[in-house]
Amino acid sequence: LLEKDRFGSSNEGAGKTVCAEFSSTNIAKPFHIGHIRSTVQGDALASIYEFLGYDTVRINYLGDYGTQFGMLINAYELWGNEEALEEDPIPELLRLYVKYNKEAETNRDLQEAARERFYQLEQGSEAEMKLWERFKEVSLKEFQRLYDLLDIRFDSWDGEFYHAQFIDDLLVELEEKNLLIKDEGAMIIPLDDDMPPAIIVKSNGSSTYLTRDVATALYRKRTYDFVENLYVVGSQQSLHFKQLINVIDKMGYDWADEIKHIAF
């Protein structure tokens, strides 16, 4: 009775940091039931850690990177409607994405244009960056409406695009540690326990989702010095996180076991 809302709390986490990645919505795509599960479970875990005295960093690792944004940028310039984008952004962006994919099936020029627009985005081209930021702005506005309804907050909204800047340093480190093997034009790392190898660089020279997650984990450890790095993500991604932990371990980091996949 005396402790009221603090009853059951403790200071076991004093001076320790936990990173909790959850929700992780995709820019320009609908917020669906899979996101809801990750969102409410991640929020509950973060709240429990906070209750136990941990400095808890709530991370929404946005899906805001990839060729699909080259498609969207080109699609918007071809068929976009600013009024529809402002009024109901997610359905409008989804409509453009679906239409572009359908048209691109029989139009090689559209496929090539999407790759080129994404390349320009990666290079920081003003025209592409302006549209990408606009898509991100209207998407986050819609997502925030839902987070407000659920009373859920985040400390970091840095997604794939932000963390891509750390990939070059990661590749240098992997080369220096002699972990990369060339395989049919791709760069891979053989893994333990009969796991398929980790593809770090595809044969076309582009990075993979795993590459970006390794770079992101290293960045989080440097930035927050976490004691646990939680990923509240569906069980379909179990192999991905086993590979991530194994790569970090092979790099010689003793904190690989601090990475936890909270599967559902």
# chains A, B, ... in the order shown; residues from 1 in each chain; ligands from 1
>>> residues_around(residues="stretch 10-22 of chain A", least_positions_apart="2", cutoff="6 Å", atoms="only C-alpha atoms", output="short mmCIF file (atom, residue, chain, number, x, y, z; two decimals) with N, CA, C and O atoms, in the first residue's frame")
data_model
loop_
_atom_site.label_atom_id
_atom_site.label_comp_id
_atom_site.auth_asym_id
_atom_site.auth_seq_id
_atom_site.Cartn_x
_atom_site.Cartn_y
_atom_site.Cartn_z
N SER A 24 8.48 -1.83 -35.67
CA SER A 24 9.28 -1.82 -36.92
C SER A 24 8.41 -1.86 -38.18
O SER A 24 8.48 -2.79 -38.98
N SER A 38 3.81 -7.38 -32.45
CA SER A 38 5.16 -6.94 -32.08
C SER A 38 5.09 -5.67 -31.23
O SER A 38 5.81 -5.53 -30.24
N THR A 39 4.19 -4.77 -31.59
CA THR A 39 4.09 -3.47 -30.92
C THR A 39 3.67 -3.61 -29.46
O THR A 39 4.32 -3.06 -28.56
N GLY A 42 6.26 -5.80 -27.44
CA GLY A 42 7.50 -5.04 -27.23
C GLY A 42 7.32 -3.95 -26.19
O GLY A 42 8.19 -3.74 -25.34
N LEU A 52 11.99 -2.42 -13.61
CA LEU A 52 13.10 -3.05 -12.87
C LEU A 52 14.35 -2.17 -12.85
O LEU A 52 15.43 -2.63 -12.49
N GLY A 53 14.18 -0.92 -13.29
CA GLY A 53 15.28 0.04 -13.15
C GLY A 53 16.23 0.15 -14.31
O GLY A 53 17.21 0.91 -14.25
N TYR A 54 15.99 -0.61 -15.39
CA TYR A 54 16.87 -0.52 -16.55
C TYR A 54 16.61 0.75 -17.34
O TYR A 54 15.46 1.21 -17.45
N ASP A 55 17.66 1.32 -17.91
CA ASP A 55 17.51 2.41 -18.88
C ASP A 55 17.11 1.73 -20.19
O ASP A 55 17.93 1.03 -20.80
N THR A 56 15.86 1.87 -20.58
CA THR A 56 15.33 1.10 -21.71
C THR A 56 15.16 1.99 -22.94
O THR A 56 14.49 3.02 -22.87
N VAL A 57 15.78 1.58 -24.04
CA VAL A 57 15.70 2.34 -25.29
C VAL A 57 14.70 1.64 -26.21
O VAL A 57 14.93 0.51 -26.64
N ARG A 58 13.59 2.31 -26.47
CA ARG A 58 12.53 1.74 -27.32
C ARG A 58 12.81 2.13 -28.76
O ARG A 58 12.81 3.32 -29.10
N ILE A 59 13.02 1.13 -29.61
CA ILE A 59 13.45 1.39 -30.99
C ILE A 59 12.42 0.90 -31.99
O ILE A 59 12.01 -0.26 -31.97
N ASN A 60 12.01 1.80 -32.87
CA ASN A 60 11.15 1.44 -34.01
C ASN A 60 12.05 1.45 -35.25
O ASN A 60 12.33 2.50 -35.82
N PHE A 226 24.54 -1.78 -24.41
CA PHE A 226 23.44 -2.54 -23.82
C PHE A 226 23.92 -3.81 -23.11
O PHE A 226 24.99 -4.35 -23.41
N VAL A 227 23.08 -4.28 -22.16
CA VAL A 227 23.30 -5.60 -21.56
C VAL A 227 22.40 -6.63 -22.23
O VAL A 227 22.64 -7.83 -22.15
N GLU A 228 21.33 -6.13 -22.91
CA GLU A 228 20.49 -6.99 -23.74
C GLU A 228 19.98 -6.16 -24.91
O GLU A 228 19.64 -4.98 -24.75
N ASN A 229 19.93 -6.81 -26.08
CA ASN A 229 19.42 -6.19 -27.30
C ASN A 229 18.28 -7.07 -27.79
O ASN A 229 18.51 -8.14 -28.35
N LEU A 230 17.04 -6.65 -27.53
CA LEU A 230 15.86 -7.48 -27.80
C LEU A 230 15.26 -7.17 -29.17
O LEU A 230 15.11 -6.00 -29.54
N TYR A 231 14.89 -8.23 -29.88
CA TYR A 231 14.18 -8.08 -31.15
C TYR A 231 12.84 -8.78 -31.02
O TYR A 231 12.78 -10.02 -30.97
N VAL A 232 11.76 -8.01 -30.95
CA VAL A 232 10.42 -8.60 -30.82
C VAL A 232 9.86 -8.76 -32.23
O VAL A 232 9.23 -7.85 -32.79
#
>>> select_by_dssp(residues="stretch 61-254 of chain A", states="strand (DSSP E or B)", output="ChimeraX atom specification")
/A:63,156,181-183,186-189,198-201,207,228-233
>>> write_last_selection(atoms="N, CA and C atoms", output="JSON list (two decimals), in the first residue's frame")
[["chain", "number", "residue", "atom", "x", "y", "z"],
["A", 63, "GLY", "N", 11.31, 0.14, -41.74],
["A", 63, "GLY", "CA", 11.65, -0.41, -43.05],
["A", 63, "GLY", "C", 11.55, 0.71, -44.07],
["A", 156, "SER", "N", 13.71, 5.96, -30.41],
["A", 156, "SER", "CA", 14.46, 6.03, -31.67],
["A", 156, "SER", "C", 13.60, 5.54, -32.82],
["A", 181, "ILE", "N", 34.20, -14.98, -47.59],
["A", 181, "ILE", "CA", 34.59, -15.93, -48.64],
["A", 181, "ILE", "C", 33.80, -15.61, -49.89],
["A", 182, "LYS", "N", 34.47, -15.60, -51.04],
["A", 182, "LYS", "CA", 33.78, -15.33, -52.30],
["A", 182, "LYS", "C", 33.10, -16.61, -52.79],
["A", 183, "ASP", "N", 31.83, -16.49, -53.16],
["A", 183, "ASP", "CA", 31.07, -17.65, -53.59],
["A", 183, "ASP", "C", 30.13, -17.23, -54.72],
["A", 186, "ALA", "N", 29.20, -13.63, -54.88],
["A", 186, "ALA", "CA", 28.73, -13.05, -53.61],
["A", 186, "ALA", "C", 29.81, -13.19, -52.54],
["A", 187, "MET", "N", 29.68, -12.40, -51.47],
["A", 187, "MET", "CA", 30.58, -12.53, -50.33],
["A", 187, "MET", "C", 29.78, -13.11, -49.16],
["A", 188, "ILE", "N", 30.26, -14.25, -48.65],
["A", 188, "ILE", "CA", 29.51, -14.96, -47.61],
["A", 188, "ILE", "C", 30.38, -15.25, -46.39],
["A", 189, "ILE", "N", 29.73, -15.60, -45.28],
["A", 189, "ILE", "CA", 30.42, -16.09, -44.08],
["A", 189, "ILE", "C", 29.84, -17.46, -43.75],
["A", 198, "ALA", "N", 25.89, -16.95, -44.16],
["A", 198, "ALA", "CA", 25.36, -15.58, -44.12],
["A", 198, "ALA", "C", 25.81, -14.87, -45.39],
["A", 199, "ILE", "N", 24.85, -14.42, -46.19],
["A", 199, "ILE", "CA", 25.19, -13.65, -47.40],
["A", 199, "ILE", "C", 25.36, -12.19, -46.97],
["A", 200, "ILE", "N", 26.56, -11.68, -47.13],
["A", 200, "ILE", "CA", 26.88, -10.32, -46.68],
["A", 200, "ILE", "C", 26.78, -9.33, -47.84],
["A", 201, "VAL", "N", 27.31, -9.72, -48.99],
["A", 201, "VAL", "CA", 27.20, -8.89, -50.20],
["A", 201, "VAL", "C", 26.70, -9.78, -51.34],
["A", 207, "SER", "N", 24.06, -4.83, -50.46],
["A", 207, "SER", "CA", 24.06, -5.45, -49.13],
["A", 207, "SER", "C", 22.74, -6.20, -48.92],
["A", 228, "GLU", "N", 21.33, -6.13, -22.91],
["A", 228, "GLU", "CA", 20.49, -6.99, -23.74],
["A", 228, "GLU", "C", 19.98, -6.16, -24.91],
["A", 229, "ASN", "N", 19.93, -6.81, -26.08],
["A", 229, "ASN", "CA", 19.42, -6.19, -27.30],
["A", 229, "ASN", "C", 18.28, -7.07, -27.79],
["A", 230, "LEU", "N", 17.04, -6.65, -27.53],
["A", 230, "LEU", "CA", 15.86, -7.48, -27.80],
["A", 230, "LEU", "C", 15.26, -7.17, -29.17],
["A", 231, "TYR", "N", 14.89, -8.23, -29.88],
["A", 231, "TYR", "CA", 14.18, -8.08, -31.15],
["A", 231, "TYR", "C", 12.84, -8.78, -31.02],
["A", 232, "VAL", "N", 11.76, -8.01, -30.95],
["A", 232, "VAL", "CA", 10.42, -8.60, -30.82],
["A", 232, "VAL", "C", 9.86, -8.76, -32.23],
["A", 233, "VAL", "N", 10.14, -9.92, -32.81],
["A", 233, "VAL", "CA", 9.86, -10.17, -34.23],
["A", 233, "VAL", "C", 9.28, -11.58, -34.39]]
>>> residues_around(residues="stretch 92-104 of chain A", least_positions_apart="4", cutoff="9 Å", atoms="only C-alpha atoms", output="MDAnalysis selection string")
chainID A and resid 28:30 68:69 71:72 74:76 79:81 84:85 87:88 108:111 135
>>> residues_around(residues="stretch 165-174 of chain A", least_positions_apart="4", cutoff="7 Å", atoms="only C-alpha atoms", output="VMD selection string")
chain A and resid 178 to 180 212 215
>>> closest_residue(among="A:Ala217, A:Leu1, A:Ala164, A:Leu239", to="A:Glu258", atoms="only C-alpha atoms")
A:Ala217
>>> closest_residue(among="A:Asp43, A:Asp158, A:Glu50, A:Gly66", to="A:Ser206", atoms="only C-alpha atoms")
A:Gly66
>>> residues_around(residues="A:Asp249", least_positions_apart="4", cutoff="12 Å", atoms="only C-alpha atoms", output="VMD selection string")
chain A and resid 179 189 191 to 192 214 217 to 218 242 to 245 253 to 259
>>> closest_residue(among="A:Gln123, A:Gly234, A:Thr208, A:Asp148", to="A:Gln41", atoms="only C-alpha atoms")
A:Gly234
>>> residues_around(residues="A:Tyr65", least_positions_apart="4", cutoff="10 Å", atoms="only C-alpha atoms", output="PDB file with N, CA and C atoms, in the first residue's frame")
ATOM      1  N   ASN A  26       6.832  -0.661 -41.867  1.00  0.00           N
ATOM      2  CA  ASN A  26       7.416  -0.349 -43.169  1.00  0.00           C
ATOM      3  C   ASN A  26       6.799   0.932 -43.721  1.00  0.00           C
ATOM      4  N   ILE A  27       7.663   1.867 -44.067  1.00  0.00           N
ATOM      5  CA  ILE A  27       7.196   3.122 -44.656  1.00  0.00           C
ATOM      6  C   ILE A  27       6.389   2.823 -45.921  1.00  0.00           C
ATOM      7  N   PHE A  69      11.628   1.691 -52.831  1.00  0.00           N
ATOM      8  CA  PHE A  69      11.514   3.152 -52.750  1.00  0.00           C
ATOM      9  C   PHE A  69      11.896   3.803 -54.080  1.00  0.00           C
ATOM     10  N   GLY A  70      12.748   3.133 -54.827  1.00  0.00           N
ATOM     11  CA  GLY A  70      13.000   3.598 -56.199  1.00  0.00           C
ATOM     12  C   GLY A  70      11.736   3.472 -57.025  1.00  0.00           C
ATOM     13  N   PHE A 118      16.620   4.329 -56.903  1.00  0.00           N
ATOM     14  CA  PHE A 118      17.093   3.935 -55.582  1.00  0.00           C
ATOM     15  C   PHE A 118      18.581   4.230 -55.429  1.00  0.00           C
ATOM     16  N   LEU A 121      18.910   7.762 -54.676  1.00  0.00           N
ATOM     17  CA  LEU A 121      18.513   7.980 -53.281  1.00  0.00           C
ATOM     18  C   LEU A 121      19.672   7.646 -52.344  1.00  0.00           C
ATOM     19  N   GLU A 122      20.331   6.515 -52.592  1.00  0.00           N
ATOM     20  CA  GLU A 122      21.485   6.113 -51.775  1.00  0.00           C
ATOM     21  C   GLU A 122      22.599   7.153 -51.831  1.00  0.00           C
ATOM     22  N   TRP A 132      11.370  10.818 -50.893  1.00  0.00           N
ATOM     23  CA  TRP A 132      11.498   9.785 -49.850  1.00  0.00           C
ATOM     24  C   TRP A 132      11.119  10.352 -48.489  1.00  0.00           C
ATOM     25  N   GLY A 159      15.838   3.818 -38.883  1.00  0.00           N
ATOM     26  CA  GLY A 159      15.597   2.557 -39.568  1.00  0.00           C
ATOM     27  C   GLY A 159      16.770   2.106 -40.415  1.00  0.00           C
ATOM     28  N   GLU A 160      16.439   1.312 -41.426  1.00  0.00           N
ATOM     29  CA  GLU A 160      17.474   0.741 -42.288  1.00  0.00           C
ATOM     30  C   GLU A 160      18.284   1.806 -43.010  1.00  0.00           C
ATOM     31  N   PHE A 161      17.604   2.839 -43.489  1.00  0.00           N
ATOM     32  CA  PHE A 161      18.297   3.878 -44.258  1.00  0.00           C
ATOM     33  C   PHE A 161      19.395   4.535 -43.421  1.00  0.00           C
ATOM     34  N   TYR A 162      19.072   4.863 -42.171  1.00  0.00           N
ATOM     35  CA  TYR A 162      20.044   5.517 -41.282  1.00  0.00           C
ATOM     36  C   TYR A 162      21.258   4.614 -41.046  1.00  0.00           C
ATOM     37  N   HIS A 163      20.997   3.327 -40.781  1.00  0.00           N
ATOM     38  CA  HIS A 163      22.090   2.426 -40.402  1.00  0.00           C
ATOM     39  C   HIS A 163      22.910   1.936 -41.587  1.00  0.00           C
ATOM     40  N   ALA A 164      22.429   2.165 -42.807  1.00  0.00           N
ATOM     41  CA  ALA A 164      23.181   1.741 -43.994  1.00  0.00           C
ATOM     42  C   ALA A 164      24.542   2.433 -44.074  1.00  0.00           C
ATOM     43  N   TYR A 209      19.683  -7.666 -45.907  1.00  0.00           N
ATOM     44  CA  TYR A 209      19.038  -7.278 -44.646  1.00  0.00           C
ATOM     45  C   TYR A 209      19.919  -7.696 -43.472  1.00  0.00           C
TER      46      TYR A 209
END
>>> closest_residue(among="A:Thr223, A:Ser47, A:Ser139, A:Thr106", to="A:Arg153", atoms="only C-alpha atoms")
A:Ser47
>>> atom_distance(atom1="atom CA of A:Ser23", atom2="atom CA of A:His35")
5.2 Å
>>> select_by_dssp(residues="stretch 46-253 of chain A", states="alpha helix (DSSP H)", output="VMD selection string")
chain A and resid 46 to 51 67 to 79 82 to 87 89 to 104 108 to 122 126 to 150 160 to 163 167 to 176 209 to 224 238 to 250
>>> closest_residue(among="A:Met195, A:Lys221, A:Asn204, A:Ser238", to="A:Arg115", atoms="only C-alpha atoms")
A:Asn204
